[in-house]
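Coordinates from protein_38.cif are shown below (mmCIF, C-alpha atoms and all ligand atoms).
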```cif
data_coords
#
loop_
_atom_site.label_atom_id
_atom_site.label_comp_id
_atom_site.auth_asym_id
_atom_site.auth_seq_id
_atom_site.Cartn_x
_atom_site.Cartn_y
_atom_site.Cartn_z
CA MET K 1 -274.26 -46.37 -45.98
CA GLY K 2 -272.62 -43.10 -46.84
CA ALA K 3 -274.27 -40.08 -48.38
CA LEU K 4 -277.83 -41.31 -47.91
CA ALA K 5 -277.38 -41.19 -44.15
CA GLU K 6 -277.51 -37.42 -44.51
CA ALA K 7 -280.92 -37.40 -46.21
CA TYR K 8 -283.45 -35.00 -44.64
CA LYS K 9 -281.14 -34.47 -41.71
CA HIS K 10 -281.95 -30.82 -41.29
CA SER K 11 -285.66 -31.04 -41.89
CA LEU K 12 -285.98 -33.27 -38.84
CA LEU K 13 -284.08 -31.16 -36.37
CA ASP K 14 -286.99 -29.10 -35.15
CA LYS K 15 -289.61 -31.81 -34.89
CA GLN K 16 -289.54 -35.14 -33.11
CA LEU K 17 -292.08 -37.23 -34.98
CA ILE K 18 -293.45 -40.28 -33.25
CA PRO K 19 -295.76 -42.79 -34.93
CA LEU K 20 -299.21 -43.37 -33.44
CA ASP K 21 -300.10 -46.48 -31.50
CA TYR K 22 -302.05 -47.58 -34.59
CA GLY K 23 -303.50 -50.67 -32.94
CA SER K 24 -305.46 -48.59 -30.45
CA VAL K 25 -306.95 -46.05 -32.88
CA ARG K 26 -310.57 -46.73 -33.92
CA THR K 27 -311.28 -43.62 -36.00
CA LEU K 28 -308.96 -41.58 -38.21
CA PRO K 29 -307.67 -38.58 -36.22
CA GLU K 30 -307.97 -35.13 -37.82
CA SER K 31 -304.16 -35.02 -37.99
CA HIS K 32 -304.26 -37.95 -40.46
CA ILE K 33 -307.07 -36.83 -42.80
CA TRP K 34 -305.74 -35.96 -46.26
CA LEU K 35 -309.04 -35.67 -48.10
CA ASP K 36 -308.88 -31.90 -48.52
CA GLN K 37 -305.69 -31.97 -50.52
CA SER K 38 -307.57 -31.98 -53.88
CA ASP K 39 -305.96 -34.03 -56.66
CA GLU K 40 -303.40 -35.39 -54.22
CA SER K 41 -306.21 -37.03 -52.27
CA PRO K 42 -305.74 -40.76 -51.77
CA TYR K 43 -309.44 -41.11 -52.56
CA VAL K 44 -308.88 -40.38 -56.26
CA ALA K 45 -307.58 -43.78 -57.31
CA HIS K 46 -307.86 -47.11 -55.58
CA SER K 47 -308.11 -48.95 -58.88
CA THR K 48 -305.57 -50.41 -61.28
CA GLY K 49 -306.21 -48.14 -64.26
CA PRO K 50 -306.24 -49.09 -67.94
CA ILE K 51 -302.46 -49.38 -68.31
CA SER K 52 -299.72 -50.51 -65.96
CA PRO K 53 -295.92 -50.62 -65.84
CA PRO K 54 -294.26 -53.41 -67.83
CA VAL K 55 -293.22 -56.76 -66.38
CA ILE K 56 -289.73 -57.77 -67.54
CA ASN K 57 -287.93 -61.10 -67.12
CA LEU K 58 -284.22 -60.50 -66.54
CA MET K 59 -283.45 -63.84 -68.26
CA ASP K 60 -285.11 -62.62 -71.48
CA PRO K 61 -282.41 -61.81 -74.08
CA ASP K 62 -284.44 -58.71 -74.91
CA ALA K 63 -284.44 -57.53 -71.26
CA PRO K 64 -281.87 -54.71 -71.69
CA ARG K 65 -283.94 -53.02 -74.41
CA LEU K 66 -287.17 -53.44 -72.45
CA ILE K 67 -285.55 -52.05 -69.30
CA ILE K 68 -284.32 -48.91 -71.10
CA GLN K 69 -287.72 -48.42 -72.67
CA ALA K 70 -289.44 -48.77 -69.26
CA CYS K 71 -287.01 -46.28 -67.70
CA GLU K 72 -288.04 -43.75 -70.34
CA THR K 73 -291.78 -44.27 -70.45
CA TRP K 74 -292.69 -45.14 -66.85
CA GLY K 75 -289.59 -44.84 -64.72
CA VAL K 76 -290.72 -48.09 -63.12
CA PHE K 77 -291.11 -51.75 -64.06
CA GLN K 78 -291.63 -55.12 -62.41
CA LEU K 79 -288.79 -57.60 -62.64
CA THR K 80 -288.94 -61.41 -62.61
CA GLY K 81 -286.08 -63.85 -63.15
CA HIS K 82 -283.94 -61.63 -60.90
CA GLY K 83 -282.39 -64.46 -58.87
CA ILE K 84 -283.33 -63.23 -55.39
CA PRO K 85 -284.43 -66.40 -53.56
CA THR K 86 -288.16 -66.53 -52.79
CA LYS K 87 -287.37 -67.80 -49.30
CA LEU K 88 -285.25 -64.70 -48.56
CA MET K 89 -287.99 -62.38 -49.81
CA GLU K 90 -290.50 -64.18 -47.57
CA ASP K 91 -288.15 -64.00 -44.59
CA VAL K 92 -287.74 -60.24 -45.04
CA GLU K 93 -291.51 -59.82 -45.04
CA SER K 94 -292.02 -61.99 -41.96
CA GLU K 95 -289.18 -60.32 -40.04
CA ALA K 96 -290.77 -56.95 -40.86
CA GLU K 97 -294.10 -58.27 -39.61
CA LYS K 98 -292.46 -59.38 -36.36
CA LEU K 99 -290.73 -56.04 -35.88
CA PHE K 100 -293.80 -53.88 -36.45
CA GLY K 101 -295.85 -56.29 -34.35
CA LEU K 102 -293.84 -55.40 -31.24
CA PRO K 103 -295.54 -53.28 -28.57
CA VAL K 104 -295.17 -49.52 -29.19
CA ASP K 105 -292.99 -48.98 -26.12
CA GLN K 106 -290.58 -51.54 -27.46
CA LYS K 107 -290.45 -50.01 -30.96
CA LEU K 108 -289.84 -46.56 -29.51
CA LYS K 109 -286.60 -47.84 -28.00
CA ALA K 110 -285.23 -47.86 -31.55
CA LEU K 111 -286.69 -44.45 -32.45
CA ARG K 112 -284.63 -42.49 -34.99
CA SER K 113 -282.83 -39.70 -33.22
CA PRO K 114 -283.50 -36.17 -34.51
CA GLY K 115 -281.32 -35.71 -37.57
CA GLY K 116 -280.48 -39.43 -37.62
CA GLY K 117 -281.02 -41.59 -40.69
CA ALA K 118 -281.52 -45.05 -39.20
CA GLY K 119 -284.04 -46.56 -36.80
CA TYR K 120 -287.79 -46.61 -36.21
CA GLY K 121 -290.09 -43.72 -37.05
CA LEU K 122 -292.33 -41.82 -39.45
CA PRO K 123 -291.16 -41.21 -43.04
CA HIS K 124 -288.18 -38.86 -43.32
CA ILE K 125 -290.22 -36.53 -45.54
CA SER K 126 -292.96 -36.02 -42.91
CA PRO K 127 -291.86 -32.45 -42.00
CA PHE K 128 -292.79 -31.30 -45.53
CA PHE K 129 -296.47 -32.12 -45.00
CA ASN K 130 -299.00 -30.72 -42.57
CA LYS K 131 -300.78 -34.06 -42.23
CA HIS K 132 -299.34 -37.29 -40.87
CA MET K 133 -298.99 -40.42 -42.94
CA TRP K 134 -300.53 -43.74 -41.91
CA HIS K 135 -297.13 -45.32 -41.75
CA GLU K 136 -294.28 -46.55 -39.59
CA GLY K 137 -290.84 -47.42 -40.89
CA PHE K 138 -287.54 -48.95 -39.86
CA THR K 139 -284.50 -47.65 -41.73
CA ILE K 140 -281.31 -49.71 -41.92
CA MET K 141 -278.05 -48.07 -43.03
CA GLY K 142 -274.97 -50.25 -42.81
CA SER K 143 -275.19 -52.79 -40.02
CA PRO K 144 -278.67 -53.24 -38.53
CA ILE K 145 -277.28 -54.47 -35.18
CA TYR K 146 -277.34 -51.23 -33.18
CA HIS K 147 -281.06 -50.50 -33.49
CA THR K 148 -282.17 -54.12 -33.66
CA ARG K 149 -280.51 -54.84 -30.32
CA GLN K 150 -282.66 -52.15 -28.75
CA LEU K 151 -285.72 -54.05 -29.97
CA TRP K 152 -284.60 -57.56 -29.10
CA PRO K 153 -281.68 -57.46 -26.64
CA GLN K 154 -281.27 -61.23 -26.91
CA ALA K 155 -282.92 -62.32 -30.12
CA TYR K 156 -281.68 -59.87 -32.75
CA GLN K 157 -279.52 -62.31 -34.68
CA GLY K 158 -282.10 -63.92 -36.96
CA PHE K 159 -283.41 -60.51 -38.02
CA CYS K 160 -279.91 -59.18 -38.69
CA GLU K 161 -278.79 -62.20 -40.70
CA THR K 162 -281.83 -61.96 -42.96
CA MET K 163 -281.41 -58.22 -43.50
CA VAL K 164 -277.67 -58.40 -44.19
CA ASP K 165 -278.17 -61.23 -46.69
CA TYR K 166 -280.93 -59.20 -48.36
CA GLN K 167 -278.85 -56.00 -48.42
CA ASN K 168 -275.98 -57.84 -50.12
CA GLN K 169 -278.17 -59.55 -52.71
CA LEU K 170 -280.12 -56.41 -53.50
CA LYS K 171 -276.94 -54.41 -53.87
CA ALA K 172 -275.59 -56.96 -56.37
CA LEU K 173 -278.86 -56.98 -58.32
CA THR K 174 -278.90 -53.17 -58.40
CA GLU K 175 -275.34 -53.11 -59.73
CA GLN K 176 -276.28 -55.63 -62.42
CA LEU K 177 -279.11 -53.34 -63.53
CA ILE K 178 -276.84 -50.29 -63.42
CA ARG K 179 -274.40 -52.01 -65.78
CA ILE K 180 -277.21 -52.74 -68.24
CA ILE K 181 -278.47 -49.17 -68.05
CA PHE K 182 -275.00 -47.61 -68.26
CA LYS K 183 -274.38 -49.42 -71.53
CA SER K 184 -277.30 -47.58 -73.09
CA LEU K 185 -276.00 -44.30 -71.69
CA ASN K 186 -272.66 -45.09 -73.35
CA ILE K 187 -270.92 -45.21 -69.98
CA ASN K 188 -268.24 -47.89 -69.75
CA SER K 189 -268.88 -49.61 -66.39
CA GLU K 190 -265.27 -50.77 -66.36
CA GLU K 191 -264.19 -47.16 -66.03
CA VAL K 192 -266.55 -46.35 -63.17
CA ASP K 193 -264.45 -46.85 -60.04
CA TRP K 194 -267.32 -46.85 -57.55
CA LEU K 195 -269.10 -49.56 -59.51
CA LYS K 196 -266.02 -51.77 -59.82
CA ASP K 197 -265.23 -51.47 -56.13
CA SER K 198 -268.57 -50.53 -54.69
CA GLN K 199 -267.27 -49.91 -51.15
CA GLY K 200 -268.18 -46.24 -51.16
CA SER K 201 -271.69 -46.57 -52.60
CA SER K 202 -274.53 -45.58 -50.32
CA THR K 203 -277.34 -47.99 -49.67
CA ALA K 204 -280.31 -47.95 -47.35
CA LEU K 205 -282.90 -50.57 -46.60
CA GLN K 206 -286.29 -49.23 -45.58
CA LEU K 207 -288.90 -51.53 -44.03
CA ASN K 208 -292.34 -49.97 -44.36
CA SER K 209 -295.50 -50.84 -42.45
CA TYR K 210 -298.89 -49.45 -43.37
CA PRO K 211 -301.10 -50.45 -40.45
CA ALA K 212 -304.71 -51.54 -40.95
CA CYS K 213 -306.61 -48.28 -41.41
CA PRO K 214 -310.14 -47.55 -40.14
CA ASP K 215 -310.79 -44.99 -42.92
CA PRO K 216 -308.55 -45.84 -45.91
CA THR K 217 -309.93 -43.41 -48.49
CA ARG K 218 -309.07 -40.42 -46.34
CA ALA K 219 -305.64 -41.56 -45.16
CA MET K 220 -302.26 -41.45 -46.93
CA GLY K 221 -299.83 -44.34 -46.56
CA LEU K 222 -296.87 -42.55 -48.05
CA ALA K 223 -297.14 -39.11 -49.64
CA PRO K 224 -296.11 -38.53 -53.28
CA HIS K 225 -292.35 -38.36 -53.76
CA THR K 226 -289.50 -39.35 -56.03
CA ASP K 227 -286.64 -41.42 -54.60
CA THR K 228 -283.27 -39.95 -53.64
CA SER K 229 -281.42 -42.79 -55.33
CA LEU K 230 -279.97 -44.01 -58.59
CA ILE K 231 -282.23 -47.04 -58.51
CA THR K 232 -284.66 -48.34 -55.88
CA ILE K 233 -285.80 -51.96 -55.68
CA LEU K 234 -289.01 -52.66 -53.81
CA GLN K 235 -290.74 -55.82 -52.67
CA SER K 236 -294.23 -56.30 -51.28
CA LYS K 237 -296.63 -59.24 -51.24
CA THR K 238 -299.56 -56.86 -51.39
CA SER K 239 -300.50 -54.05 -53.77
CA GLY K 240 -300.66 -50.46 -52.52
CA LEU K 241 -298.00 -48.62 -54.50
CA GLN K 242 -299.30 -46.13 -57.04
CA VAL K 243 -297.19 -44.46 -59.68
CA PHE K 244 -298.02 -41.25 -61.50
CA LYS K 245 -297.98 -41.37 -65.26
CA GLU K 246 -298.56 -38.35 -67.45
CA GLY K 247 -301.90 -38.83 -69.21
CA ALA K 248 -302.94 -41.80 -67.06
CA GLY K 249 -302.80 -40.30 -63.56
CA TRP K 250 -302.25 -42.41 -60.45
CA THR K 251 -301.89 -46.07 -61.37
CA LEU K 252 -301.81 -48.99 -58.96
CA VAL K 253 -298.90 -51.40 -59.42
CA GLN K 254 -300.44 -54.85 -59.01
CA SER K 255 -298.14 -57.05 -56.93
CA ILE K 256 -296.93 -60.18 -58.72
CA PRO K 257 -295.74 -63.04 -56.48
CA GLY K 258 -291.95 -63.28 -56.56
CA ALA K 259 -291.42 -60.13 -58.65
CA VAL K 260 -289.67 -56.99 -57.46
CA ILE K 261 -290.51 -53.43 -58.48
CA VAL K 262 -287.61 -51.41 -59.86
CA ASN K 263 -287.79 -47.66 -60.06
CA VAL K 264 -285.63 -44.89 -61.44
CA GLY K 265 -284.46 -42.38 -58.82
CA ASP K 266 -283.38 -38.73 -59.08
CA PHE K 267 -279.70 -39.52 -59.79
CA LEU K 268 -280.49 -41.71 -62.81
CA HIS K 269 -282.87 -39.03 -64.04
CA ILE K 270 -280.10 -36.41 -63.88
CA LEU K 271 -277.53 -38.76 -65.42
CA SER K 272 -279.83 -39.49 -68.36
CA ASN K 273 -280.36 -35.75 -68.89
CA GLY K 274 -283.99 -36.14 -67.91
CA VAL K 275 -284.69 -38.89 -70.46
CA PHE K 276 -285.32 -41.54 -67.79
CA THR K 277 -288.30 -40.68 -65.59
CA THR K 278 -287.79 -40.33 -61.86
CA VAL K 279 -291.22 -41.70 -61.10
CA ARG K 280 -293.50 -39.93 -58.65
CA HIS K 281 -295.16 -42.48 -56.42
CA ARG K 282 -297.27 -42.81 -53.28
CA VAL K 283 -298.91 -45.55 -51.22
CA VAL K 284 -302.60 -46.06 -50.48
CA VAL K 285 -303.80 -47.94 -47.42
CA THR K 286 -306.61 -50.42 -46.74
CA HIS K 287 -308.27 -52.18 -43.81
CA ILE K 288 -305.45 -54.72 -43.92
CA GLN K 289 -301.90 -54.06 -42.76
CA ARG K 290 -299.28 -54.02 -45.53
CA PHE K 291 -295.50 -54.36 -45.43
CA SER K 292 -292.86 -53.48 -47.99
CA ALA K 293 -289.07 -53.34 -48.17
CA ALA K 294 -287.28 -50.75 -50.31
CA HIS K 295 -283.57 -50.87 -51.15
CA PHE K 296 -282.00 -47.54 -52.16
CA TYR K 297 -278.68 -47.25 -53.98
CA ALA K 298 -276.66 -44.11 -54.66
CA PRO K 299 -273.05 -43.50 -55.73
CA PRO K 300 -270.53 -42.37 -53.06
CA GLY K 301 -271.08 -38.85 -51.72
CA ASP K 302 -268.20 -37.16 -53.51
CA VAL K 303 -269.12 -38.50 -56.98
CA ILE K 304 -270.20 -35.79 -59.41
CA VAL K 305 -273.34 -36.64 -61.34
CA SER K 306 -273.62 -34.88 -64.71
CA PRO K 307 -275.99 -35.46 -67.60
CA VAL K 308 -274.48 -37.64 -70.34
CA MET K 309 -274.38 -35.94 -73.72
CA SER K 310 -275.20 -37.87 -76.88
CA LYS K 311 -277.53 -38.11 -79.83
CA ASP K 312 -280.06 -40.08 -77.75
CA PHE K 313 -279.85 -38.09 -74.55
CA GLY K 314 -279.53 -34.61 -75.98
CA GLU K 315 -276.76 -32.23 -76.94
CA VAL K 316 -277.68 -29.64 -74.32
CA PRO K 317 -277.49 -30.51 -70.61
CA ARG K 318 -280.75 -29.86 -68.78
CA TYR K 319 -279.18 -30.12 -65.32
CA ARG K 320 -276.10 -28.69 -63.69
CA SER K 321 -273.51 -31.13 -62.38
CA VAL K 322 -274.04 -32.00 -58.70
CA SER K 323 -272.18 -34.04 -56.15
CA VAL K 324 -274.22 -36.85 -54.63
CA LYS K 325 -273.73 -35.27 -51.20
CA GLY K 326 -274.76 -31.85 -52.47
CA TYR K 327 -277.95 -33.14 -54.08
CA VAL K 328 -278.93 -35.17 -51.00
CA GLU K 329 -278.58 -31.96 -49.00
CA THR K 330 -280.65 -29.93 -51.48
CA LYS K 331 -283.35 -32.62 -51.46
CA GLY K 332 -283.38 -32.59 -47.65
CA LYS K 333 -283.95 -28.86 -47.58
CA HIS K 334 -286.20 -28.34 -50.58
CA PHE K 335 -287.74 -31.80 -51.22
CA GLU K 336 -289.90 -31.61 -54.38
CA LYS K 337 -288.19 -28.47 -55.63
CA ALA K 338 -284.71 -30.05 -55.56
CA LEU K 339 -284.63 -31.09 -59.23
CA SER K 340 -285.90 -27.76 -60.50
CA LEU K 341 -283.26 -25.99 -58.40
CA ILE K 342 -280.47 -27.69 -60.33
CA LYS K 343 -282.11 -27.15 -63.76
CA LYS K 344 -280.02 -25.20 -66.24
C1 LIG I 401 -281.81 -43.30 -48.44
C2 LIG I 401 -282.86 -42.61 -48.21
C3 LIG I 401 -284.00 -42.37 -49.15
C4 LIG I 401 -285.09 -41.97 -48.24
C5 LIG I 401 -284.32 -41.15 -47.27
C6 LIG I 401 -283.15 -42.03 -46.91
C7 LIG I 401 -283.63 -43.16 -45.99
C8 LIG I 401 -285.04 -43.55 -46.18
C9 LIG I 401 -285.67 -43.22 -47.54
C10 LIG I 401 -287.17 -42.96 -47.45
C11 LIG I 401 -288.02 -44.24 -47.39
C12 LIG I 401 -289.51 -43.86 -47.36
C13 LIG I 401 -289.85 -42.80 -48.41
C14 LIG I 401 -288.83 -41.63 -48.36
C15 LIG I 401 -289.28 -40.51 -49.27
C16 LIG I 401 -288.60 -41.25 -46.93
O1 LIG I 401 -289.22 -40.44 -46.30
O2 LIG I 401 -287.57 -42.02 -46.43
C17 LIG I 401 -287.47 -42.20 -48.71
C18 LIG I 401 -286.28 -41.23 -48.84
C19 LIG I 401 -286.04 -40.71 -50.26
O3 LIG I 401 -286.11 -41.46 -51.23
O4 LIG I 401 -285.79 -39.51 -50.40
O1 LIG I 402 -294.39 -49.26 -49.82
C1 LIG I 402 -294.27 -49.04 -51.03
O2 LIG I 402 -294.85 -49.71 -51.88
C2 LIG I 402 -293.42 -47.89 -51.52
C3 LIG I 402 -292.37 -47.45 -50.54
C4 LIG I 402 -291.56 -46.29 -51.06
O3 LIG I 402 -291.92 -45.61 -51.99
C5 LIG I 402 -290.28 -45.98 -50.41
O4 LIG I 402 -289.92 -46.64 -49.41
O5 LIG I 402 -289.60 -45.05 -50.91
FE FE I 403 -290.26 -44.30 -52.70
#
```

Any chance you could give the structure as structure tokens?
Amino acid sequence: MGALAEAYKHSLLDKQLIPLDYGSVRTLPESHIWLDQSDESPYVAHSTGPISPPVINLMDPDAPRLIIQACETWGVFQLTGHGIPTKLMEDVESEAEKLFGLPVDQKLKALRSPGGGAGYGLPHISPFFNKHMWHEGFTIMGSPIYHTRQLWPQAYQGFCETMVDYQNQLKALTEQLIRIIFKSLNINSEEVDWLKDSQGSSTALQLNSYPACPDPTRAMGLAPHTDTSLITILQSKTSGLQVFKEGAGWTLVQSIPGAVIVNVGDFLHILSNGVFTTVRHRVVVTHIQRFSAAHFYAPPGDVIVSPVMSKDFGEVPRYRSVSVKGYVETKGKHFEKALSLIKK
């Protein structure tokens, strides 16, 4: 929990956004047609593209080098050999399927309150767009019990156990990756208090559902964004995520069974003085419903993030120092402009 709970708090105050009853919609409503938004149109790329992000096995002795390289070139890679049990990954997916399969009235009982971070609802970034996304999400920050009880007054335990187990394992995996990455940044993990005793770190688990869509090429699953995190780890059985790469455009990340997708977030971008790419990504939809689970990790709110200075990462800082809290607030107010607002 922590600082991430404050994300987009203010942008939501004036609008209560409620997901559609997707199951009952036969044609795409005007409010959900994105076609006119030129190069941002979901229609542009439903294909894989000639190149795609690297696949890295964490057990490979060469993994650290490959990870650093991927952070620079793509800002995203797929990871195998990560140790997250297949059974747990499957359970997360099937619990998500159960949750989003509930009747709308039931799901609305766990609706995110205005300005609240956790619960059921449309993406937090929705107020920055004039069209709605073809999406419904369930955000977990800290214990999932409060909102899950509203969904299943009696039978919330199985869901909660799976999510808590997943949160713990994903947090540990994220911290393992951070240690690898910090080495290349010349940061001694042993001297980073919040990493040694990660109590204060902020995490969030986002379950995403992209309902079956009657008109996929004109709808947007999740609008282009970069993540407000140090690192995000994503799982999905089905493809749908696209990443933007300079020179290649929007590229579909083909799902590999058992692999997770790791992406660089804004904080790692700042820390690396802009050398690691905070990857812009979005989600396309199809006639078939898709689920994903994204785990966000950020340092505690009062930690100051400043670009590291070295031969490899530059002698001149490209960003001003920011507190995690302060940046989350700037992102919530200015979204895409947040990084440029803290440029030197
Ligand atoms: C911890 C986070 C990170 C959040 C906000 C908060 C909780 C949910 C995350 C997402 C999940 C869906 C995409 C996104 C863009 C959104 O709308 O909500 C993400 C956002 C961010 O990465 O900025
Ligand atoms: O569903 C996906 O593949 C991506 C989700 C995502 O980008 C997010 O939750 O931030
Ligand atoms: Fe994302």

Could you list the protein, DNA and RNA residues that have any atom within 9 Å of ligand LIG 402 (chain I), counting only C-alpha atoms and all ligand atoms, and write them as a PyMOL selection string?
chain K and resi 123+137+205-210+221-228+232+234-236+238-242+253+261+280-284+290-296

Straight-line distance linking atom CA of Ile270 of chain K with atom CA of Gly247 of chain K, stated in Å to one decimal
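Rounded to one decimal, the two atoms are 22.6 Å apart.
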
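Here atom CA of Glu191 of chain K and atom CA of Val303 of chain K stand 13.5 Å from one another.
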
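Counting all atoms listed in the file, the residue from K:Glu161, K:Asp197, K:Glu336, K:Asp21 that sits nearest to Glu175 of chain K is K:Asp197.
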
Mind giving me the straight-line distance from atom CA of Asp215 of chain K to atom CA of Leu28 of chain K in Å, one decimal?
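Between these atoms lies a distance of 6.1 Å.
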
Using all atoms listed in the file, can you tell me which of K:Ala155, K:Ile304, K:Ile233, K:Leu185 comes closest to ligand LIG 401 (chain I)?
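Under the stated criterion, the closest residue is K:Ile233.
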
Quick one: segment 78-85 of chain K with all heavy atoms, as a compact mmCIF listing (two decimals), in the frame of the given file?
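What ended up in result.txt:
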```txt
# COMPACT_ATOMS: atom_id res chain seq x y z
N GLN K 78 -291.73 -53.96 -63.31
CA GLN K 78 -291.63 -55.12 -62.41
C GLN K 78 -290.63 -56.08 -63.02
O GLN K 78 -290.56 -56.22 -64.24
CB GLN K 78 -292.99 -55.79 -62.26
CG GLN K 78 -294.05 -54.84 -61.75
CD GLN K 78 -295.06 -55.53 -60.85
OE1 GLN K 78 -294.68 -56.20 -59.89
NE2 GLN K 78 -296.33 -55.38 -61.16
N LEU K 79 -289.86 -56.74 -62.16
CA LEU K 79 -288.79 -57.60 -62.64
C LEU K 79 -288.96 -59.02 -62.09
O LEU K 79 -289.08 -59.21 -60.87
CB LEU K 79 -287.44 -57.02 -62.22
CG LEU K 79 -286.19 -57.67 -62.80
CD1 LEU K 79 -286.08 -57.41 -64.31
CD2 LEU K 79 -284.93 -57.17 -62.09
N THR K 80 -288.97 -60.00 -63.01
CA THR K 80 -288.94 -61.41 -62.61
C THR K 80 -287.61 -62.00 -63.09
O THR K 80 -286.85 -61.30 -63.77
CB THR K 80 -290.12 -62.18 -63.24
OG1 THR K 80 -289.99 -62.09 -64.67
CG2 THR K 80 -291.48 -61.61 -62.84
N GLY K 81 -287.33 -63.22 -62.73
CA GLY K 81 -286.08 -63.85 -63.15
C GLY K 81 -284.86 -63.14 -62.61
O GLY K 81 -283.79 -63.17 -63.19
N HIS K 82 -285.01 -62.48 -61.45
CA HIS K 82 -283.94 -61.63 -60.90
C HIS K 82 -282.97 -62.40 -60.01
O HIS K 82 -281.94 -61.87 -59.61
CB HIS K 82 -284.55 -60.48 -60.10
CG HIS K 82 -285.65 -60.93 -59.17
ND1 HIS K 82 -285.42 -61.79 -58.14
CD2 HIS K 82 -286.97 -60.66 -59.17
CE1 HIS K 82 -286.57 -62.03 -57.51
NE2 HIS K 82 -287.53 -61.36 -58.13
N GLY K 83 -283.31 -63.64 -59.65
CA GLY K 83 -282.39 -64.46 -58.87
C GLY K 83 -282.42 -64.27 -57.36
O GLY K 83 -281.69 -64.96 -56.64
N ILE K 84 -283.21 -63.35 -56.85
CA ILE K 84 -283.33 -63.23 -55.39
C ILE K 84 -284.20 -64.39 -54.91
O ILE K 84 -285.33 -64.55 -55.36
CB ILE K 84 -283.99 -61.88 -54.97
CG1 ILE K 84 -283.28 -60.67 -55.61
CG2 ILE K 84 -284.03 -61.76 -53.44
CD1 ILE K 84 -281.87 -60.41 -55.13
N PRO K 85 -283.67 -65.22 -53.98
CA PRO K 85 -284.43 -66.40 -53.56
C PRO K 85 -285.78 -66.03 -52.93
O PRO K 85 -285.87 -65.09 -52.13
CB PRO K 85 -283.53 -67.04 -52.50
CG PRO K 85 -282.17 -66.46 -52.71
CD PRO K 85 -282.37 -65.11 -53.31
```
